[in-house]
Amino acid sequence: MRSLPTGQYIPGHSFLHRLDARAKILCLFILMAAVIGAASLWGYALVLVAIALLVLLSRLPLRSAVAPVRGVYWFLLVIFLMNTLFFGGEDVLASWGIFQIAPAGIKQGFRVVGNVVLILILGNLLTMTTLPTQVTTALASLIKPLKFIGVPTEDVALIISIALHFIPTFMEETELIKMAQIARGARFESRKLSERAASFIPLVVPVFISAFRRADALALAMEARGYRNAKNRTKREKAPLVAGDYCALMVCALICLVQIFLRP
Amino acid sequence: MSKLSSVKRSIITAACIGLCVVLPMAFHAIPNAGTLFSPMHIPVLLAGLICGWSFGLLCGLAGPLLSALITGMPPLAYLPSMLVELAAYGLVCGLMFELVRTEKLYADLYISLVVALLAGRIVAGIAKALLFSAGSYSLAAWTTSYFVLTWPAIVIQLALVPAIVAALMKAKLIPERYPAAA
């Protein structure tokens with residue numbers, strides 16, 4: 001647990017690393033829409049080329065870029081089989097009870113698995129080239145328009161930023177509690193479901209109590225220093241989007257637009 | 001619960017969001033723990049119960065989103081349905097706990113939890129059927145993924161969440177719901 005799993009930020013100076021986090025998050029959503037909207041072979045070829053280019057531009061090792069896909073082989077197989085066997089359709093190739101294998105089902109299976117794989121790689125590229133703090137700041141900036149419908153966006157941003165600062169502390173404490181429970185005989189790796197469930201409880205309860213103690217102390221300290229709300233806070237850095245960010249957004253929007261024309 | 005200040009509600013929600021990221025990582029090493037125990041659900045339910053529906057909703061949205069962006073869990077492909085499910089848990093749990101007052105803490109907690117767990121699953125199922133897996137989602141798939149495969153998570157949540165709330169009240173980290181009865 002000391003090292004983050006796949007998706008951890010890898011420092012670098014590539015084009016993707018230098019892009020503004022707000023632009024990267026928006027690009028991610030646009031490209032996700034392009035992937036989900038792909039309905040033809042040419043459509044998939046387009047998003048595949050775009051993602052391959054992004055991997056090249058990120059200068060990340062290919063192994064790291066596709067790492068999340070390697071971890072979910074079995075899951076991908078299950079969703080492929082579920083779609084293939086239950087989708088049905090005409091020209092049934094084989095059937096067995098409630099299961100039916102038809103070309104439409106196989107196509108749907110490949111489509112769903114393809115979408116999952118491509119979106120996994122896109123998400124991974126964002127998290128591997130963007131610092132978590134940049135992601136939070138960008139999210140806070142992107143949700144600002146919600147202010148007009150009464151959402152306290154400054155408070156939301158503050159909560160997310162404090163959450164982010166809590167994570168390393170909680171990780172350390174959870175690890176300590178886990179070690180202590182293993183020393184007391186907890187069997188996290190047991191094959192028996194009941195033993196695994198039993199080992200879960202003595203870990204979770206102390207973690208929550210410890211987290212709430214920290215939250216209580218921090219809230220008390222903030223109130224004692226006169227903190228009331230986040231509405232009137234100012235930011236030290238105000239970096240506007242630059243030409244490169246706008247270019248990236250335009251290219252992604254173009255890919256999405258072309259995808260619409262490629263639909264059969 | 002009304003005695004909790006807005007600052008404290010915010011910080012507790014932040015802690016719950018932090019736990020949404022940390023708990024799945026802690027259980028990453030335990031085989032199949034994510035599916036079996038759904039560790040991310042517990043902080044969301046707690047945020048709804050302790051801080052109210054708006055904070056529960058925020059925790060349900062921000063927790064999985066932040067976890068996906070930082071650790072890649074849940075993968076972005078499953079994130080939308082999980083966001084809907086967890087947001088419904090936080091929202092309904094908070095609303096129910098505000099509305100239900102039986103003068104018995106555990107009865108309030110269990111009613112709120114059961115309604116929230118059902119509502120979250122129903123909302124997520126509808127979202128999957130209509131939006132995220134439109135045309136390829138069935139009642140059998142919903143029952144399997146939300147009840148059959150995750151029954152240990154339901155049992156653990158029903159056992160743990162009230163116990164944690166009671167423990168937090170006992171430790172005076174959150175105000176008593178019925179101080180006179182204590």
# chains A, B, ... in the order shown; residues from 1 in each chain; ligands from 1

$ residues_around --residues "region 106-120 of chain A" --least-positions-apart "5" --cutoff "7 Å" --atoms "only C-alpha atoms" --output "ChimeraX atom specification"
/A:32,35-36,68-69,76,80-81,83-84 /B:75-77

$ residues_around --residues "Glu85 (chain B)" --least-positions-apart "4" --cutoff "7 Å" --atoms "only C-alpha atoms" --output "mmCIF file with N, CA and C atoms, in the first residue's frame"
data_model
loop_
_atom_site.group_PDB
_atom_site.id
_atom_site.type_symbol
_atom_site.label_atom_id
_atom_site.label_comp_id
_atom_site.auth_asym_id
_atom_site.auth_seq_id
_atom_site.Cartn_x
_atom_site.Cartn_y
_atom_site.Cartn_z
ATOM 1 N N SER B 81 -21.480 4.894 -13.296
ATOM 2 C CA SER B 81 -22.530 4.166 -12.565
ATOM 3 C C SER B 81 -22.239 4.166 -11.072
ATOM 4 N N TYR B 89 -26.630 6.906 -2.329
ATOM 5 C CA TYR B 89 -26.445 6.426 -0.942
ATOM 6 C C TYR B 89 -26.316 7.603 0.023
ATOM 7 N N GLY B 120 -30.033 3.362 -3.584
ATOM 8 C CA GLY B 120 -28.799 3.492 -4.362
ATOM 9 C C GLY B 120 -28.712 2.432 -5.445
ATOM 10 N N ARG B 121 -29.077 1.200 -5.069
ATOM 11 C CA ARG B 121 -29.006 0.105 -6.040
ATOM 12 C C ARG B 121 -30.047 0.284 -7.153
ATOM 13 N N VAL B 123 -31.420 3.158 -8.166
ATOM 14 C CA VAL B 123 -31.039 4.303 -9.006
ATOM 15 C C VAL B 123 -29.892 3.914 -9.942
ATOM 16 N N ALA B 124 -28.894 3.190 -9.397
ATOM 17 C CA ALA B 124 -27.753 2.784 -10.235
ATOM 18 C C ALA B 124 -28.208 1.820 -11.334
#

$ select_by_dssp --residues "region 70-186 of chain A" --states "strand (DSSP E or B)" --output "list of chain:residue names"
A:Ala94, A:Ser95, A:Trp96, A:Phe99, A:Gln100, A:Ile101

$ atom_distance --atom1 "CA of Ile143 (chain A)" --atom2 "CA of Gln8 (chain A)"
23.8 Å

$ select_by_dssp --residues "region 12-177 of chain B" --states "alpha helix (DSSP H)" --output "JSON, numbers by chain"
{"B": [12, 13, 14, 15, 16, 17, 18, 19, 20, 21, 22, 23, 24, 25, 26, 33, 34, 35, 36, 37, 41, 42, 43, 44, 45, 46, 47, 48, 49, 50, 51, 53, 54, 55, 56, 57, 58, 59, 60, 61, 62, 63, 64, 65, 66, 67, 68, 69, 70, 71, 79, 80, 81, 82, 83, 84, 85, 86, 87, 88, 89, 90, 91, 92, 93, 94, 95, 96, 97, 98, 99, 105, 106, 107, 108, 109, 110, 111, 112, 113, 114, 115, 116, 117, 118, 119, 120, 121, 122, 123, 124, 125, 126, 127, 139, 140, 141, 142, 143, 151, 152, 153, 154, 155, 156, 157, 158, 159, 160, 161, 162, 163, 164, 165, 166, 167, 168, 169, 170]}

$ closest_residue --among "B:Ile174, B:Met82, B:Met73, B:Leu95" --to "Gly56 (chain B)" --atoms "only C-alpha atoms"
B:Leu95

$ closest_residue --among "A:Leu176, A:Val205, A:Leu62, A:Ala38" --to "chain B" --atoms "only C-alpha atoms"
A:Val205

$ closest_residue --among "B:Cys59, B:Cys51, B:Leu83, B:Leu99" --to "chain A" --atoms "only C-alpha atoms"
B:Cys59

$ residues_around --residues "region 65-68 of chain B" --least-positions-apart "2" --cutoff "9 Å" --atoms "only C-alpha atoms" --output "PyMOL selection string"
(chain A and resi 7+123+127+132+135-136+160+164) or (chain B and resi 17-18+20-22+24+60-63+70-76+79-80+83)

$ atom_distance --atom1 "CA of Pro11 (chain A)" --atom2 "CA of Thr130 (chain A)"
8.4 Å

$ residues_around --residues "Asp91 (chain A)" --least-positions-apart "6" --cutoff "9 Å" --atoms "only C-alpha atoms" --output "list in words"
Ile101, Ala102, Pro103 and Ala104 of chain A

$ write_last_selection --atoms "C-alpha atoms" --output "mmCIF file, in the first residue's frame"
data_model
loop_
_atom_site.group_PDB
_atom_site.id
_atom_site.type_symbol
_atom_site.label_atom_id
_atom_site.label_comp_id
_atom_site.auth_asym_id
_atom_site.auth_seq_id
_atom_site.Cartn_x
_atom_site.Cartn_y
_atom_site.Cartn_z
ATOM 1 C CA ILE A 101 -23.988 -16.751 -29.577
ATOM 2 C CA ALA A 102 -24.780 -14.442 -32.475
ATOM 3 C CA PRO A 103 -22.596 -12.106 -34.580
ATOM 4 C CA ALA A 104 -24.390 -9.087 -33.042
#

$ residues_around --residues "Leu31 (chain A)" --least-positions-apart "4" --cutoff "10 Å" --atoms "only C-alpha atoms" --output "list in words"
Ile25, Leu26, Cys27, Val35, Ile36, Gly37, Val47, Ala50, Ile51, Leu118, Ile119, Leu122, Leu249, Val251, Cys252, Ala253, Leu254, Ile255 and Cys256 of chain A

$ closest_residue --among "B:Ala87, B:Ala167, B:Ile154, B:Met40" --to "Ala26 (chain B)" --atoms "only C-alpha atoms"
B:Met40

$ residues_around --residues "Ser58 (chain A)" --least-positions-apart "4" --cutoff "8 Å" --atoms "only C-alpha atoms" --output "MDAnalysis selection string"
chainID A and resid 14:17 54 125 129

$ residues_around --residues "Ile111 (chain B)" --least-positions-apart "4" --cutoff "12 Å" --atoms "only C-alpha atoms" --output "MDAnalysis selection string"
chainID B and resid 49 92:102 104:107 115:118 158 162

$ write_last_selection --atoms "C-alpha atoms" --output "JSON list (two decimals), in the first residue's frame"
[["chain", "number", "residue", "atom", "x", "y", "z"],
["B", 49, "LEU", "CA", -25.67, 10.06, 8.38],
["B", 92, "VAL", "CA", -30.88, 9.19, 0.70],
["B", 93, "CYS", "CA", -29.03, 8.18, 3.86],
["B", 94, "GLY", "CA", -28.77, 11.81, 4.98],
["B", 95, "LEU", "CA", -32.37, 12.61, 4.07],
["B", 96, "MET", "CA", -33.74, 9.54, 5.82],
["B", 97, "PHE", "CA", -31.71, 10.15, 8.97],
["B", 98, "GLU", "CA", -33.07, 13.69, 9.11],
["B", 99, "LEU", "CA", -36.65, 12.54, 8.55],
["B", 100, "VAL", "CA", -36.82, 9.35, 10.63],
["B", 101, "ARG", "CA", -37.02, 9.90, 14.38],
["B", 102, "THR", "CA", -38.12, 6.85, 16.34],
["B", 104, "LYS", "CA", -34.15, 4.90, 19.15],
["B", 105, "LEU", "CA", -30.73, 5.51, 17.60],
["B", 106, "TYR", "CA", -30.27, 2.04, 16.11],
["B", 107, "ALA", "CA", -33.79, 1.97, 14.64],
["B", 115, "VAL", "CA", -33.67, 2.54, 2.49],
["B", 116, "ALA", "CA", -30.43, 4.14, 1.25],
["B", 117, "LEU", "CA", -28.87, 0.82, 0.22],
["B", 118, "LEU", "CA", -31.99, -0.13, -1.71],
["B", 158, "LEU", "CA", -25.34, -3.03, 8.07],
["B", 162, "PRO", "CA", -24.30, 1.75, 13.04]]

$ atom_distance --atom1 "CA of Ile30 (chain A)" --atom2 "CA of Met128 (chain A)"
18.4 Å
